[in-house]
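Encoded as structure tokens, the structure appears first; notes follow it.
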Amino acid sequence: MNPNSNNAKTAEKSMKVGIKSVVRSYLFLLIKWTFFFLVVPGIFVSILFCPYVIPFIYCDVCPVYFCPMKIFRIPFLIVAFFYVLLSKKRFYTICPAGTLQDVIISINKKTLNRIKLLNVVQRNMLKVVRYMFLALALILVLIFNDPRYIDPYHTFSIEGLMYENIFYYIRVAIILSIFIFAFFIPRFWCKICPFGALISLIYLIYDKIHGFIRRLRST
Amino acid sequence: MNKNRKIKYAIILVSFLISITCYAYFFPEIQFSKNSKDTLTVYACGGSTEMLNKVDQLFEKKYHCKINLISSNTVEYLNLLTHVKKGDVVISRSTETPEYLRDLGAVDNYSIAYFTTWDIVVRRGNPKHIKTINDLLKPDIKVLTASGASINEYGIFNQKSWSFVSELYDKSYKDFNCRRAMLKYFLDGYGDACIVEDRLIHDLHVEDDVSTIKIPWKFYYLQSSVFTISVLKYSKHKELDEKYIDFILNNDTVKEIMKSYGYIPANTEEGKYILRRYYESQ
């Protein structure tokens, strides 16, 4: 066999792989930014208007008609699930809240250029906070997120902005402080995100089961 | 700017355009683009969409116009009315909503158009011999309940009957947030009885699969069963609006359609009786 023809074939193959990976990365970018533009307005609407203690749980019965999450929540989760399954990438790569933080940090880079990177101890401390947030979120959803506590008439008026509920003010304070922190620390919210904690727990369990099956097979 | 960066920005632009298209397609304001000269925009809430669709078809034929029926829950259409301020006629559940709209300056007055009734739904042939609402409290009767924010038994019954409702919740076999889901669950073979609106049985076409026991009017909180109709002040088709309201209130075919869907038109013997009772109770 002619060695030159072999070389040509490998070159052709590597070119095909190269094109595939480029197309894949562009597709990934398209999904990421479409999610960003679709969901980010929903994040802001939920900060101001969401009548529930924890947003994005009861969107189907929520009276805030103009909230994009009412429409885009389920398609987003379905596409995200298949994206993670098929591309084998982690969820944070397309998370709209993560992309928003990337945008915020890039503003910092171009203006103040004062970015603080966390050390291992700080990151581990935030990990503890993250799981505490997850536990707290689960408790709040189960106990205080009952729609019967909500007066829907408040949500379409100016009073809706000043929702007379301590949880509303706590939530707004948390989210605003997160935006401030995210301006200086890259992806700050991701480090304490309860949804992220839930996903990482699922990954942890999956890895353990996968490892166990592999060990069983090898023995 | 290098080639990669250009492609990246192009992709961001494309995703922005996709998002804008999605927003334009899915958001409710888009429905107002249909609001033209010969199109009547009617807001309706409370689940009478199926019946109104049929009535609207008749009206469209008779008056050679089009009806853009926006069906949503009360809060959603109140949002639309407060922000968008477009539309012609409002059909709302309860008299509280048009009174609220009057305070907002959106309507002048309203008419009571029709009533909905509530039934105890039992298995075909009533094998558990349920005759009155008090029979639902018997220990061997499994009752499905709905205690959601806007749909709960407290809303159906007047205050005198609230102790019955609490007892019913205490012994609930399964609780729901949606009456349609509850009825479907019942039809799957779970539980012995549940309380639903008569129109729901017609909507799901299950008249032959269940038996119903009417709840007497003396137990009702009448706000839960009254439907009102009113013209919006900013309507541009006042004449057509009046015709529509007259059609809903007085047309005999419409009354028959309403009855076939489980409603009681206000302008009938039974309707007038309820109306008298309703004003007595105020």
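Chains: A, B, ... in order of the structure tokens. Residues: from 1 per chain. Ligands: from 1, in order shown.
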Run DSSP on the backbone and give me the residues of segment 93-269 of chain B it puts in helix (DSSP H, G or I), as a PyMOL selection string.
chain B and resi 96-104+133-137+153-156+159-170+179-187+198-203+217-219+222-224+238-250+252-260+269
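Nearest residue to Tyr23 of chain B, choosing from A:Gly211, A:Gly42, A:Gly18, A:Pro194 and counting only C-alpha atoms: A:Gly42.
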With distances taken over only C-alpha atoms, which of B:Asn177, B:Ser172, B:Thr49, B:Ser94 is nearest to chain A?
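Ranked by minimum distance to chain A, first place goes to B:Asn177.
Of the listed residues A:Ile185, A:Ala11, A:Cys59, A:Ala137, the one whose atoms come nearest to Leu198 of chain A is A:Ala137, with distances taken using only C-alpha atoms.
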Per DSSP on the backbone, filter segment 187-238 of chain B down to the residues in strand (DSSP E) and report them as a ChimeraX atom specification.
/B:193-197,210-214,226-231
For the selection you just gave me, I'd like the residues written to a file as a PDB file, in the first residue's frame, keeping N, CA and C atoms.
```
ATOM      1  N   ALA B 193     -66.497   9.573  45.374  1.00  0.00           N
ATOM      2  CA  ALA B 193     -67.225  10.797  45.014  1.00  0.00           C
ATOM      3  C   ALA B 193     -66.288  11.997  44.958  1.00  0.00           C
ATOM      4  N   CYS B 194     -66.715  13.018  44.238  1.00  0.00           N
ATOM      5  CA  CYS B 194     -65.991  14.290  44.238  1.00  0.00           C
ATOM      6  C   CYS B 194     -66.963  15.404  43.840  1.00  0.00           C
ATOM      7  N   ILE B 195     -66.589  16.638  44.139  1.00  0.00           N
ATOM      8  CA  ILE B 195     -67.474  17.757  43.800  1.00  0.00           C
ATOM      9  C   ILE B 195     -66.861  18.525  42.634  1.00  0.00           C
ATOM     10  N   VAL B 196     -67.598  18.594  41.527  1.00  0.00           N
ATOM     11  CA  VAL B 196     -67.095  19.339  40.362  1.00  0.00           C
ATOM     12  C   VAL B 196     -68.217  20.180  39.755  1.00  0.00           C
ATOM     13  N   GLU B 197     -67.807  21.094  38.881  1.00  0.00           N
ATOM     14  CA  GLU B 197     -68.791  21.884  38.162  1.00  0.00           C
ATOM     15  C   GLU B 197     -69.453  21.005  37.104  1.00  0.00           C
ATOM     16  N   VAL B 210     -70.798   8.642  34.616  1.00  0.00           N
ATOM     17  CA  VAL B 210     -70.983   8.979  36.034  1.00  0.00           C
ATOM     18  C   VAL B 210     -72.442   9.321  36.332  1.00  0.00           C
ATOM     19  N   SER B 211     -72.795   9.309  37.612  1.00  0.00           N
ATOM     20  CA  SER B 211     -74.094   9.836  38.043  1.00  0.00           C
ATOM     21  C   SER B 211     -73.833  11.114  38.815  1.00  0.00           C
ATOM     22  N   THR B 212     -74.769  12.044  38.764  1.00  0.00           N
ATOM     23  CA  THR B 212     -74.550  13.302  39.484  1.00  0.00           C
ATOM     24  C   THR B 212     -75.701  13.600  40.447  1.00  0.00           C
ATOM     25  N   ILE B 213     -75.335  14.243  41.550  1.00  0.00           N
ATOM     26  CA  ILE B 213     -76.346  14.687  42.516  1.00  0.00           C
ATOM     27  C   ILE B 213     -76.189  16.192  42.642  1.00  0.00           C
ATOM     28  N   LYS B 214     -77.253  16.918  42.352  1.00  0.00           N
ATOM     29  CA  LYS B 214     -77.186  18.392  42.390  1.00  0.00           C
ATOM     30  C   LYS B 214     -77.006  18.872  43.821  1.00  0.00           C
ATOM     31  N   VAL B 226     -71.672  32.620  39.607  1.00  0.00           N
ATOM     32  CA  VAL B 226     -72.249  33.649  38.744  1.00  0.00           C
ATOM     33  C   VAL B 226     -71.237  34.136  37.688  1.00  0.00           C
ATOM     34  N   PHE B 227     -71.720  34.314  36.474  1.00  0.00           N
ATOM     35  CA  PHE B 227     -70.885  34.866  35.393  1.00  0.00           C
ATOM     36  C   PHE B 227     -71.475  36.209  34.956  1.00  0.00           C
ATOM     37  N   THR B 228     -70.644  37.208  34.843  1.00  0.00           N
ATOM     38  CA  THR B 228     -71.136  38.530  34.457  1.00  0.00           C
ATOM     39  C   THR B 228     -70.549  38.939  33.107  1.00  0.00           C
ATOM     40  N   ILE B 229     -71.231  39.868  32.465  1.00  0.00           N
ATOM     41  CA  ILE B 229     -70.742  40.348  31.159  1.00  0.00           C
ATOM     42  C   ILE B 229     -70.765  41.878  31.178  1.00  0.00           C
ATOM     43  N   SER B 230     -69.724  42.495  30.657  1.00  0.00           N
ATOM     44  CA  SER B 230     -69.680  43.964  30.634  1.00  0.00           C
ATOM     45  C   SER B 230     -68.885  44.474  29.435  1.00  0.00           C
ATOM     46  N   VAL B 231     -69.209  45.705  29.034  1.00  0.00           N
ATOM     47  CA  VAL B 231     -68.509  46.340  27.896  1.00  0.00           C
ATOM     48  C   VAL B 231     -67.359  47.177  28.443  1.00  0.00           C
TER      49      VAL B 231
END
```
Can you tell me, as a PyMOL selection string, what residues are no more than 10 Å from segment 129-145 of chain B when counting only C-alpha atoms, ignoring any on the same chain fewer than 4 positions away?
chain B and resi 119-123+125+152-153+164-165+167-179+182-183+185-186+190-196+212-216+219
Give me the residues within 12 Å of Ile178 of chain A as a ChimeraX atom specification, counting only C-alpha atoms and dropping any in the same chain fewer than 6 places off.
/A:97-98,100-101,104,171-172,184-193
Create the file for the chosen residues now, containing C-alpha atoms and written as a tab-separated table (two decimals), in the first residue's frame.
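Once everything was written out, this is out_10.tsv:
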```
chain	number	residue	atom	x	y	z
A	97	ALA	CA	-27.40	32.38	35.20
A	98	GLY	CA	-23.78	31.31	34.65
A	100	LEU	CA	-25.06	36.19	32.93
A	101	GLN	CA	-22.25	36.06	35.49
A	104	ILE	CA	-20.90	40.62	34.45
A	171	ARG	CA	-34.79	36.81	48.32
A	172	VAL	CA	-34.27	40.21	46.72
A	184	PHE	CA	-15.71	40.62	41.54
A	185	ILE	CA	-15.67	36.83	41.89
A	186	PRO	CA	-16.08	34.78	38.70
A	187	ARG	CA	-19.24	32.65	38.74
A	188	PHE	CA	-19.92	33.41	42.41
A	189	TRP	CA	-23.55	32.20	42.31
A	190	CYS	CA	-22.50	28.84	40.82
A	191	LYS	CA	-20.42	28.25	43.95
A	192	ILE	CA	-23.50	28.47	46.19
A	193	CYS	CA	-26.32	27.57	43.78
```
So how many Å separate atom CA of Leu240 of chain B and atom CA of Ile112 of chain B, to one decimal?
18.7 Å
Would you mind listing what lies within 10 Å of Arg102 of chain B as an MDAnalysis selection string, with only C-alpha atoms counted and same-chain residues fewer than 6 positions away left out?
chainID B and resid 96 108:110 230 232:233
State, in Å with one decimal place, the distance from atom CA of Tyr168 of chain A to atom CA of Leu118 of chain A.
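It comes out at 29.7 Å.
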Restricting the calculation to only C-alpha atoms, which member of B:Thr97, B:Gln223, B:Ser92, B:Thr39 is positioned closest to chain A?
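The closest residue to chain A is B:Thr97.
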Atom CA of Ile43 of chain A and atom CA of Tyr26 of chain A are how many Å apart?
25.1 Å
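Counting only C-alpha atoms, Tyr43 of chain B has the following residues at most 7 Å away, ignoring those fewer than 6 positions along the same chain: Leu69, Ile70, Ser71, Tyr77, Val89, Val90 and Ile91 of chain B.
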Measuring atom to atom with only C-alpha atoms, identify which of B:Tyr220, B:Tyr114, B:Phe16, B:Tyr234 is nearest to Lys85 of chain B.
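For Lys85 of chain B, the nearest of the candidates is B:Tyr234.
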